[in-house]
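Text of protein02.cif, listed as mmCIF, C-alpha atoms:
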data_entry
#
loop_
_atom_site.label_atom_id
_atom_site.label_comp_id
_atom_site.auth_asym_id
_atom_site.auth_seq_id
_atom_site.Cartn_x
_atom_site.Cartn_y
_atom_site.Cartn_z
CA ASP A 1 -82.27 118.83 -82.03
CA ALA A 2 -83.30 115.94 -84.25
CA GLY A 3 -86.77 114.61 -83.79
CA VAL A 4 -87.69 110.97 -83.64
CA THR A 5 -85.88 109.05 -86.36
CA GLN A 6 -86.61 105.61 -87.74
CA SER A 7 -84.78 103.25 -90.04
CA PRO A 8 -85.11 101.92 -92.59
CA THR A 9 -87.67 104.01 -94.45
CA HIS A 10 -88.96 101.11 -96.51
CA LEU A 11 -88.51 97.38 -96.29
CA ILE A 12 -89.68 94.44 -98.36
CA LYS A 13 -89.69 90.92 -96.89
CA THR A 14 -91.25 87.59 -97.73
CA ARG A 15 -93.53 85.49 -95.59
CA GLY A 16 -91.79 83.62 -92.82
CA GLN A 17 -88.82 85.99 -92.65
CA GLN A 18 -87.82 88.10 -89.68
CA VAL A 19 -87.42 91.87 -89.59
CA THR A 20 -85.87 94.43 -87.27
CA LEU A 21 -86.91 98.07 -87.24
CA ARG A 22 -85.05 100.79 -85.40
CA CYS A 23 -86.00 103.99 -83.61
CA SER A 24 -83.94 106.80 -82.11
CA PRO A 25 -85.86 108.99 -79.69
CA LYS A 26 -86.09 112.72 -79.49
CA SER A 27 -83.42 114.11 -77.19
CA GLY A 28 -84.28 113.62 -73.54
CA HIS A 29 -87.13 111.21 -74.19
CA ASP A 30 -86.85 107.96 -72.26
CA THR A 31 -90.08 106.19 -73.24
CA VAL A 32 -90.49 104.54 -76.62
CA SER A 33 -93.77 103.19 -77.97
CA TRP A 34 -94.36 101.28 -81.17
CA TYR A 35 -97.53 101.40 -83.27
CA GLN A 36 -98.70 99.50 -86.32
CA GLN A 37 -100.74 101.40 -88.90
CA ALA A 38 -102.38 99.21 -91.51
CA LEU A 39 -103.54 100.80 -94.73
CA GLY A 40 -106.62 102.92 -94.16
CA GLN A 41 -106.55 102.45 -90.40
CA GLY A 42 -105.45 104.39 -87.37
CA PRO A 43 -102.28 103.39 -85.54
CA GLN A 44 -102.57 100.51 -83.09
CA PHE A 45 -100.39 100.27 -79.99
CA ILE A 46 -97.95 97.35 -80.04
CA PHE A 47 -95.85 97.88 -76.93
CA GLN A 48 -93.84 100.38 -74.95
CA TYR A 49 -90.38 100.40 -73.44
CA TYR A 50 -89.12 102.34 -70.46
CA GLU A 51 -85.82 101.85 -68.64
CA GLU A 52 -85.02 98.99 -71.01
CA GLU A 53 -88.09 97.02 -69.94
CA GLU A 54 -91.37 96.36 -71.73
CA ARG A 55 -93.84 98.35 -69.68
CA GLN A 56 -97.09 97.94 -71.58
CA ARG A 57 -98.28 95.75 -74.41
CA GLY A 58 -101.18 95.90 -76.81
CA ASN A 59 -103.05 93.02 -78.38
CA PHE A 60 -100.22 91.69 -80.54
CA PRO A 61 -98.80 88.15 -80.63
CA ASP A 62 -95.43 87.14 -79.24
CA ARG A 63 -94.00 87.27 -82.77
CA PHE A 64 -93.67 90.97 -82.04
CA SER A 65 -90.85 91.69 -79.63
CA GLY A 66 -88.64 94.60 -78.84
CA HIS A 67 -85.70 95.98 -77.04
CA GLN A 68 -84.57 99.27 -75.59
CA PHE A 69 -80.92 100.20 -75.26
CA PRO A 70 -79.25 102.29 -72.54
CA ASN A 71 -79.29 105.32 -74.85
CA TYR A 72 -83.10 104.92 -75.06
CA SER A 73 -83.10 103.87 -78.71
CA SER A 74 -85.28 100.90 -79.50
CA GLU A 75 -85.80 98.01 -81.88
CA LEU A 76 -88.95 96.26 -82.97
CA ASN A 77 -88.55 92.66 -84.12
CA VAL A 78 -91.18 90.68 -85.96
CA ASN A 79 -90.67 86.95 -86.52
CA ALA A 80 -92.40 84.60 -88.95
CA LEU A 81 -93.79 87.44 -91.02
CA LEU A 82 -97.32 87.18 -92.35
CA LEU A 83 -98.88 89.05 -95.24
CA GLY A 84 -101.03 90.87 -92.68
CA ASP A 85 -97.95 92.37 -91.06
CA SER A 86 -97.62 94.72 -94.03
CA ALA A 87 -98.08 98.17 -92.54
CA LEU A 88 -96.47 101.43 -91.55
CA TYR A 89 -94.67 100.98 -88.24
CA LEU A 90 -94.48 104.13 -86.17
CA CYS A 91 -92.22 104.82 -83.27
CA ALA A 92 -93.22 107.44 -80.71
CA THR A 93 -91.23 108.85 -77.85
CA GLY A 94 -92.59 110.71 -74.91
CA LEU A 95 -91.81 113.29 -72.31
CA GLY A 96 -94.35 114.76 -69.95
CA ASN A 97 -97.83 114.18 -71.32
CA GLU A 98 -96.99 114.29 -75.00
CA GLN A 99 -95.76 111.84 -77.61
CA PHE A 100 -93.81 112.69 -80.73
CA PHE A 101 -93.97 110.35 -83.69
CA GLY A 102 -91.30 109.39 -86.15
CA PRO A 103 -91.87 109.20 -89.92
CA GLY A 104 -92.38 105.46 -89.81
CA THR A 105 -91.03 102.39 -91.58
CA ARG A 106 -93.14 101.01 -94.40
CA LEU A 107 -92.97 97.19 -94.27
CA THR A 108 -94.25 95.18 -97.20
CA VAL A 109 -94.54 91.41 -96.83
CA LEU A 110 -94.80 89.45 -100.08
CA ALA B 1 -115.51 98.66 -74.84
CA GLN B 2 -113.19 101.63 -74.88
CA SER B 3 -113.14 103.21 -78.32
CA VAL B 4 -112.57 106.32 -80.36
CA THR B 5 -114.96 107.03 -83.23
CA GLN B 6 -114.42 109.30 -86.17
CA PRO B 7 -117.70 108.95 -88.05
CA ASP B 8 -116.57 110.67 -91.24
CA ILE B 9 -114.17 108.61 -93.34
CA HIS B 10 -113.87 111.24 -96.06
CA ILE B 11 -114.67 114.95 -96.07
CA THR B 12 -114.39 117.32 -99.03
CA VAL B 13 -114.45 121.07 -98.59
CA SER B 14 -113.66 124.04 -100.80
CA GLU B 15 -110.64 126.15 -100.05
CA GLY B 16 -111.65 128.98 -97.75
CA ALA B 17 -114.61 127.11 -96.32
CA SER B 18 -114.89 126.18 -92.67
CA LEU B 19 -114.15 122.68 -91.42
CA GLU B 20 -115.30 120.51 -88.57
CA LEU B 21 -114.03 116.96 -88.01
CA ARG B 22 -115.88 114.89 -85.47
CA CYS B 23 -114.46 112.68 -82.74
CA ASN B 24 -116.30 110.77 -80.03
CA TYR B 25 -114.83 108.58 -77.34
CA SER B 26 -116.26 106.07 -74.92
CA TYR B 27 -114.46 106.04 -71.60
CA GLY B 28 -115.64 106.37 -68.04
CA ALA B 29 -113.53 109.37 -67.17
CA THR B 30 -112.23 112.22 -69.28
CA PRO B 31 -109.12 110.99 -71.03
CA TYR B 32 -106.30 113.04 -72.43
CA LEU B 33 -107.35 114.00 -75.97
CA PHE B 34 -105.28 114.68 -79.07
CA TRP B 35 -105.61 115.50 -82.73
CA TYR B 36 -102.85 114.48 -85.15
CA VAL B 37 -102.44 115.12 -88.86
CA GLN B 38 -100.73 112.76 -91.29
CA SER B 39 -99.69 113.76 -94.79
CA PRO B 40 -99.22 110.99 -97.38
CA GLY B 41 -96.22 108.83 -96.57
CA GLN B 42 -95.48 110.79 -93.41
CA GLY B 43 -95.64 110.24 -89.69
CA LEU B 44 -98.04 111.94 -87.32
CA GLN B 45 -97.83 115.59 -86.36
CA LEU B 46 -99.57 116.82 -83.23
CA LEU B 47 -102.09 119.58 -83.92
CA LEU B 48 -103.40 120.11 -80.40
CA LYS B 49 -104.11 118.43 -77.10
CA TYR B 50 -106.51 118.65 -74.16
CA PHE B 51 -105.69 117.58 -70.63
CA SER B 52 -107.94 119.74 -68.47
CA GLY B 53 -109.15 123.31 -67.99
CA ASP B 54 -110.47 125.51 -70.79
CA THR B 55 -112.53 123.32 -73.08
CA LEU B 56 -111.58 125.27 -76.21
CA VAL B 57 -108.05 124.41 -77.22
CA GLN B 58 -105.95 126.24 -79.78
CA GLY B 59 -103.43 124.36 -81.89
CA ILE B 60 -101.03 124.85 -84.73
CA LYS B 61 -101.91 125.80 -88.30
CA GLY B 62 -105.03 127.68 -87.18
CA PHE B 63 -106.83 124.62 -85.81
CA GLU B 64 -108.88 124.54 -82.64
CA ALA B 65 -110.88 121.86 -80.86
CA GLU B 66 -113.65 121.90 -78.32
CA PHE B 67 -114.06 119.33 -75.58
CA LYS B 68 -117.68 118.62 -74.66
CA ARG B 69 -117.95 116.31 -71.68
CA SER B 70 -121.71 115.82 -72.00
CA GLN B 71 -121.29 114.55 -75.57
CA SER B 72 -117.96 112.74 -75.07
CA SER B 73 -116.72 114.67 -78.07
CA PHE B 74 -113.57 116.50 -79.10
CA ASN B 75 -114.28 118.00 -82.51
CA LEU B 76 -111.61 119.71 -84.56
CA ARG B 77 -112.38 122.96 -86.35
CA LYS B 78 -110.77 125.44 -88.69
CA PRO B 79 -112.48 128.65 -89.85
CA SER B 80 -110.91 128.75 -93.31
CA VAL B 81 -109.29 125.73 -94.92
CA HIS B 82 -106.17 126.00 -97.08
CA TRP B 83 -105.25 123.60 -99.88
CA SER B 84 -102.26 122.48 -97.81
CA ASP B 85 -104.61 121.14 -95.13
CA ALA B 86 -105.46 118.16 -97.34
CA ALA B 87 -104.31 115.17 -95.28
CA GLU B 88 -105.60 112.51 -92.92
CA TYR B 89 -106.63 113.54 -89.44
CA PHE B 90 -106.62 111.27 -86.42
CA CYS B 91 -108.22 111.74 -83.06
CA ALA B 92 -106.50 109.92 -80.21
CA VAL B 93 -107.00 109.42 -76.49
CA ASP B 94 -104.80 108.41 -73.60
CA PRO B 95 -107.47 106.86 -71.39
CA THR B 96 -105.40 106.60 -68.25
CA THR B 97 -104.76 110.35 -67.82
CA SER B 98 -101.45 109.50 -66.21
CA GLY B 99 -99.30 110.00 -69.25
CA THR B 100 -98.79 106.36 -70.12
CA TYR B 101 -98.62 107.14 -73.85
CA LYS B 102 -100.75 104.11 -74.73
CA TYR B 103 -102.89 105.99 -77.19
CA ILE B 104 -106.10 104.73 -78.75
CA PHE B 105 -106.64 106.16 -82.23
CA GLY B 106 -109.72 106.61 -84.34
CA THR B 107 -109.74 105.29 -87.89
CA GLY B 108 -109.08 108.73 -89.31
CA THR B 109 -110.83 111.25 -91.56
CA ARG B 110 -109.33 111.98 -94.95
CA LEU B 111 -109.73 115.61 -95.93
CA LYS B 112 -109.83 116.69 -99.54
CA VAL B 113 -109.68 120.39 -100.38
CA LEU B 114 -111.10 121.71 -103.64
CA ALA B 115 -109.46 124.73 -105.25
#
How does this structure look as structure tokens?
Amino acid sequence: DAGVTQSPTHLIKTRGQQVTLRCSPKSGHDTVSWYQQALGQGPQFIFQYYEEEERQRGNFPDRFSGHQFPNYSSELNVNALLLGDSALYLCATGLGNEQFFGPGTRLTVL
Amino acid sequence: AQSVTQPDIHITVSEGASLELRCNYSYGATPYLFWYVQSPGQGLQLLLKYFSGDTLVQGIKGFEAEFKRSQSSFNLRKPSVHWSDAAEYFCAVDPTTSGTYKYIFGTGTRLKVLA
């Protein structure tokens, strides 16, 4: 059973561009959460998807949006990239009372 | 405001020495509590969790944590540190205790292990 997978591993973009990150959940997990981890910081909750709907959202602007597909995989989209969006983006999927994290996508905005 | 505090940004210990990493939270009720470890360039691996019951929780890799309600703390301990334990450690809470997965993380403690 594969764990949580994310793609791509690394990504370099320039300011103003748009980016899409992808997450495939652990088998049987139907809830997907996205976190942003800036350098030297703990992860911060962006939003969560369940049954293809955004269920919860953290304190992030509308430039951050997402989607969940019928197979529970998910995408995170960020529009109009800023330098401050450079971070490790973590996907986490849950079942019961536990979340499992993917390896992350390292986004660098130049 | 709801928060999770890890007061030690960096900790250095010698291999074989004991370890304690501190975590305090500020919530009205007892949240679900977690400790994760992150190696460089990696995602987060769950070490242990506390939901209710016995306040001393055993985890993987020889780690344990003790929940102290009176101190709003959930400190992580290991009796004898190995060089491979060098990593960053994050304390996290799920404040709703209903499994919403909206975790609040501390800023992390970076552990360095001396040979």
For the provided coordinates, the residues matched by the PyMOL selection byres ((chain B) within 10 of (chain A)) should be stated as a ChimeraX atom specification. /B:9,32,34,36,38,41-46,49,51,88-92,94,97-110
Return the single residue from A:Phe60, A:Asp30, A:Gly84, A:Leu110 that is closest to A:Tyr72, with distances computed using all atoms listed in the file. A:Asp30
For the structure shown, which residues end up in the PyMOL selection byres ((chain B and resi 48) around 8)? Put them as a PyMOL selection string, please? chain B and resi 34-36+46-47+49-50+57-60+63-65
Using all atoms listed in the file for the distances, tell me which of B:Glu20, B:Ile11, B:Ser39, B:Ser73 is nearest to B:Thr55.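 Among the listed residues, B:Ser73 lies closest to B:Thr55.
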At a cut-off of 7 Å around the point (-115.7, 110.4, -85.8) (file coordinates), what residues fall inside when counting all atoms listed in the file? I'd like the answer as a list in words.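 Selection result: Thr5, Gln6, Pro7, Asp8, Arg22, Cys23 and Asn24 of chain B.
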What gap, in Å, lies between atom CA of B:Ala17 and atom CA of B:Ser72?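 So the two atoms, atom CA of B:Ala17 and atom CA of B:Ser72, lie 25.9 Å apart.
When the PyMOL selection byres ((chain B and resi 114) around 12) is evaluated on the file shown here, the picked residues come out as B:Ile11, B:Thr12, B:Val13, B:Ser14, B:Glu15, B:Gly16, B:Ala17, B:Val81, B:His82, B:Trp83, B:Ser84, B:Asp85, B:Ala86, B:Leu111, B:Lys112, B:Val113, B:Ala115.
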Tell me which protein, DNA and RNA residues are within 7 Å of stretch 5-19 of chain A, counting only C-alpha atoms, leaving out same-chain ones fewer than 3 positions away, and put them as a list in words.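 Non-adjacent residues within range: Arg22, Cys23, Ser24, Pro25, Asn77, Val78, Asn79, Ala80, Leu81, Leu82, Leu83, Gly102, Pro103, Gly104, Thr105, Arg106, Leu107, Thr108, Val109 and Leu110 of chain A.
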For the selection just defined, write its residues with C-alpha atoms to a file, as a CSV table (one decimal), keeping the file's coordinate frame.
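Final output, part_13.csv:
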chain,number,residue,atom,x,y,z
A,22,ARG,CA,-85.0,100.8,-85.4
A,23,CYS,CA,-86.0,104.0,-83.6
A,24,SER,CA,-83.9,106.8,-82.1
A,25,PRO,CA,-85.9,109.0,-79.7
A,77,ASN,CA,-88.6,92.7,-84.1
A,78,VAL,CA,-91.2,90.7,-86.0
A,79,ASN,CA,-90.7,87.0,-86.5
A,80,ALA,CA,-92.4,84.6,-89.0
A,81,LEU,CA,-93.8,87.4,-91.0
A,82,LEU,CA,-97.3,87.2,-92.4
A,83,LEU,CA,-98.9,89.0,-95.2
A,102,GLY,CA,-91.3,109.4,-86.2
A,103,PRO,CA,-91.9,109.2,-89.9
A,104,GLY,CA,-92.4,105.5,-89.8
A,105,THR,CA,-91.0,102.4,-91.6
A,106,ARG,CA,-93.1,101.0,-94.4
A,107,LEU,CA,-93.0,97.2,-94.3
A,108,THR,CA,-94.2,95.2,-97.2
A,109,VAL,CA,-94.5,91.4,-96.8
A,110,LEU,CA,-94.8,89.4,-100.1
One-decimal distance in Å that lies between atom CA of B:Gln71 and atom CA of B:Leu56: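 Separating atom CA of B:Leu56 from atom CA of B:Gln71 is a distance of 14.5 Å.
For the pair atom CA of B:Gly62 and atom CA of B:Asn75, the separation is 14.2 Å.
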